[in-house]
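Q: Have a look at the structure that comes next, please.
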Protein chains: 2
Amino acid sequence: MSGPIKKGYVRPLDLKHGRVDLGHGGGGRAMAQLIDEMFAAAFANEYLAPGDDGAVLPAPGAGERMVLATDAHVVSPLFFPGGDIGCLSVHGTVNDVAVMGARPLYLAAAFVLEEGFPLADLARIVRSMAAAARDAGVPVVTGDTKVVEQGKGDGVFITTTGVGALARGRDISGRGARPGDVVLVSGTLGDHGMAILSQREALGFETEIVSDTAALHRLVDDLLLAVPDVHVLRDPTRGGLATTLNEIAVQSGVGITLDEATIPIDAQVEAACEFLGLDPLYVANEGKLVAVVPGDRAAAALAALQAHPLGRRAAAIGEVSEDPNCFVQIRTAFGGRRMVDWLSGDQLPRIC
Amino acid sequence: MSGPIKKGYVRPLDLKHGRVDLGHGGGGRAMAQLIDEMFAAAFANEYLAPGDDGAVLPAPGAGERMVLATDAHVVSPLFFPGGDIGCLSVHGTVNDVAVMGARPLYLAAAFVLEEGFPLADLARIVRSMAAAARDAGVPVVTGDTKVVEQGKGDGVFITTTGVGALARGRDISGRGARPGDVVLVSGTLGDHGMAILSQREALGFETEIVSDTAALHRLVDDLLLAVPDVHVLRDPTRGGLATTLNEIAVQSGVGITLDEATIPIDAQVEAACEFLGLDPLYVANEGKLVAVVPGDRAAAALAALQAHPLGRRAAAIGEVSEDPNCFVQIRTAFGGRRMVDWLSGDQLPRIC
């Protein structure tokens, strides 16, 4: 039974010069063709193949719990050094599942397309998404496509939702930080945000800053194998490390103190941040892990991170203390101390 | 531990005159406040409460499989007779899970908000969504919020993703229709689409057409209790009954013939369709079920549907036959026969 012939497509999608039109979201033949020739072709897997309204999937194993995470992606520009909205939308949600300590199993993907968007760009995004899903070993098993009129969207927005399996007894949460714990990061901070900004702003100088967008679940696996009693995992995306640590401090009811000298920051990112008057602690990451671990397990955790390609520049950057105010502070290189507040206002819109 | 105080909100969200700004999507304090005071307050449940990047959930039971379905909602206008984008985004995804024969368990929700959108409208939508989730018994357990600049979105888009549990041995799919099966619908066709259109177009006359938006999982339960061997279930949304039946015909490799006289259509919907030159068979529904059942179970299935408040106007409307061309046809009231093709072009953009 050949879908395309039965559905009477007159000619294949014009992936070179074609554009998204409202019919591609109308539910009829044009939408079926877009799904067949664009999405199903790229994401091909046994769960997607039946073409029903949802996917039927093996559930997590006996004794396992389920983790569910969702992320809308509206990054602008859609293509940036080191990635695009396609791979980002896979990595972002895989990471949200992974930082719960869960094994990512499946992704759902919903597209909101703007009328007039070039099909060639959409195809490039979908291929990037499919490659990221394949590399991560997490298939896109179901999806949806809507189209809005020109001027009512911005090219493409992609919402991905991830399902993971959580082993019995594993309890990793923002509420888990305890006084005496050590705070680790898996590498340099602010790369993703500055890669995006370097495309938007006239920086006045050449940079080669590349987004760190990456799937972190295998790094998490290695870390948990070495140190099963990790207390907190997070990926510091919007709002950067500073906001993530403030969230953890409030959720856990503790204080956190960082050592500025130990925080890994790429020299070009630092220069670009200075030029734009930004603090890299507030700039988004898309392939970095924050881990809060018991003090006596910090060395083992650090070694596990550094042994993985995505954690080579991992560092211990601070410690958790008792603090009813839940403050995050930093010891500066000059021996001073300053507060690291929540991100206020909107430093970097549409970073992910 | 009191989140709001610790996070230092100066004053509560202004739900009367406030508007969405880019800071509400920035990942910092403004976003935390929007999530606390708007989303967490409305959706309150044990899974959402920890405030992590994902929700930890009991998995489906032993021997059960999982169903995953996702839907982006971009309906325009946001508020319409009988509902709004909030309840629609719950019903749409609950129904996608239910028509797989699965028990809906959890929802994830991702919002793309346009800068300048009134917080009062957002609150109304979120309350409607929360009420729909409560009524359906399917909690919103995790979510995400992004904000795009004015003119890059259209008020609010909501993508919901549903997880369901599928009983062992249950196999309901668009591929299941067999010659001799009977096609049932649970009620009048085209109500949702015409309720939306009546808001958009100058109809030139008064109508009181109300969207049929509703969660169908309990109707499905009753049907499956009476007739466990249902072959196909679908909710005929975009593209209407005609497109849904064409999809089923192609997936199953069969033909379908309808009896025009038996298809339930509300008199006002029929009049409005005639006025606008639309065929109600192509108009979207958001609270109707198509069921394909073995011929000898049709009477029992019809009785089960009619016994439920959402199925009172259910009818048997056609039958499945052998047809290598997978045609859908209709016997007209005058004894003729015509083809019911896929929806071509874009009859009704942004209907859901």
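Labels used: A, B, ... for chains in the order of the structure tokens, numbers from 1 for residues in each chain, and numbers from 1 for ligands as shown.
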Hey, what does DSSP flag as strand (DSSP E) within range 142-344 of chain B? Can you give it to me as a ChimeraX atom specification?
A: /B:142-148,156-166,182-185,232-234,255-259,290-293,315-321,328-331,337-339
Q: Just want the 9 Å neighbourhood of Gly153 in chain A, counted on only C-alpha atoms, with same-chain residues fewer than 2 positions away dropped. Output as a PyMOL selection string.
A: (chain A and resi 112-115+147-151+155-157) or (chain B and resi 148+151-154)
Q: Save out the residues we just selected, N, CA and C atoms, as a JSON list (two decimals), in the first residue's frame.
A:
```json
[["chain", "number", "residue", "atom", "x", "y", "z"],
["A", 112, "VAL", "N", 5.07, 24.86, 14.58],
["A", 112, "VAL", "CA", 4.22, 25.97, 14.16],
["A", 112, "VAL", "C", 5.00, 26.72, 13.08],
["A", 113, "LEU", "N", 4.53, 26.58, 11.83],
["A", 113, "LEU", "CA", 5.21, 27.14, 10.68],
["A", 113, "LEU", "C", 4.54, 28.44, 10.25],
["A", 114, "GLU", "N", 5.36, 29.37, 9.76],
["A", 114, "GLU", "CA", 4.81, 30.62, 9.24],
["A", 114, "GLU", "C", 4.65, 30.48, 7.73],
["A", 115, "GLU", "N", 3.48, 30.88, 7.25],
["A", 115, "GLU", "CA", 3.22, 30.90, 5.81],
["A", 115, "GLU", "C", 4.37, 31.62, 5.08],
["A", 147, "VAL", "N", 0.14, 25.71, 10.60],
["A", 147, "VAL", "CA", 0.66, 26.83, 9.83],
["A", 147, "VAL", "C", -0.13, 28.08, 10.21],
["A", 148, "VAL", "N", 0.58, 29.19, 10.45],
["A", 148, "VAL", "CA", -0.07, 30.47, 10.74],
["A", 148, "VAL", "C", 0.27, 31.45, 9.61],
["A", 149, "GLU", "N", -0.57, 32.47, 9.46],
["A", 149, "GLU", "CA", -0.40, 33.42, 8.38],
["A", 149, "GLU", "C", 0.93, 34.18, 8.51],
["A", 150, "GLN", "N", 1.43, 34.66, 7.38],
["A", 150, "GLN", "CA", 2.64, 35.47, 7.39],
["A", 150, "GLN", "C", 2.44, 36.63, 8.36],
["A", 151, "GLY", "N", 3.45, 36.87, 9.20],
["A", 151, "GLY", "CA", 3.36, 37.95, 10.17],
["A", 151, "GLY", "C", 2.72, 37.53, 11.49],
["A", 155, "GLY", "N", 8.89, 32.14, 11.08],
["A", 155, "GLY", "CA", 9.60, 31.02, 10.43],
["A", 155, "GLY", "C", 9.11, 29.70, 10.98],
["A", 156, "VAL", "N", 9.72, 29.27, 12.09],
["A", 156, "VAL", "CA", 9.27, 28.01, 12.68],
["A", 156, "VAL", "C", 9.53, 28.02, 14.18],
["A", 157, "PHE", "N", 8.55, 27.58, 14.93],
["A", 157, "PHE", "CA", 8.69, 27.28, 16.35],
["A", 157, "PHE", "C", 8.55, 25.76, 16.49],
["B", 148, "VAL", "N", 7.82, 35.73, 22.45],
["B", 148, "VAL", "CA", 8.39, 36.28, 21.22],
["B", 148, "VAL", "C", 7.96, 37.74, 21.09],
["B", 151, "GLY", "N", 4.41, 40.96, 17.00],
["B", 151, "GLY", "CA", 4.46, 40.78, 15.55],
["B", 151, "GLY", "C", 5.18, 39.51, 15.11],
["B", 152, "LYS", "N", 5.69, 38.73, 16.07],
["B", 152, "LYS", "CA", 6.36, 37.46, 15.74],
["B", 152, "LYS", "C", 5.55, 36.27, 16.23],
["B", 153, "GLY", "N", 4.38, 36.53, 16.78],
["B", 153, "GLY", "CA", 3.49, 35.47, 17.22],
["B", 153, "GLY", "C", 2.07, 35.98, 17.05],
["B", 154, "ASP", "N", 1.11, 35.36, 17.75],
["B", 154, "ASP", "CA", -0.26, 35.85, 17.65],
["B", 154, "ASP", "C", -1.00, 35.59, 18.95]]
```
Q: Taking into account only C-alpha atoms, which residue in the set B:Leu278, B:Ile125, B:Ala304, B:Val94 is nearest to chain A?
A: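 Comparing B:Leu278, B:Ile125, B:Ala304, B:Val94 against chain A, the winner is B:Val94.
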Q: Which neighbours of Ile35 in chain B fall inside 9 Å, counting only C-alpha atoms, when residues of the same chain fewer than 5 positions from it are skipped, and could you give them as a PyMOL selection string?
A: chain B and resi 24+30+40-41+144-145
Q: Measuring between only C-alpha atoms, which one of A:Glu322, A:Glu37, A:Glu274, A:Asp71 shows the shortest distance to chain B?
A: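 Of all the options, A:Asp71 lies closest to chain B.
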Q: Please determine, counting only C-alpha atoms, which residue among A:Ala307, A:Cys352, A:Ala49, A:Ala167 has the shortest atom-to-atom distance to Ala72 in chain A.
A: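 Comparing A:Ala307, A:Cys352, A:Ala49, A:Ala167 against Ala72 in chain A, the winner is A:Cys352.
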Q: Counting only C-alpha atoms, which of B:Asp52, B:Glu201, B:Asp259, B:Asp121 gets nearest to chain A?
A: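 Comparing B:Asp52, B:Glu201, B:Asp259, B:Asp121 against chain A, the winner is B:Asp52.
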Q: Using only C-alpha atoms, determine which residues lie at most 12 Å from Ser198 in chain A, disregarding the query and same-chain residues fewer than 2 positions distant; provide the list as a count of residues only.
A: 32
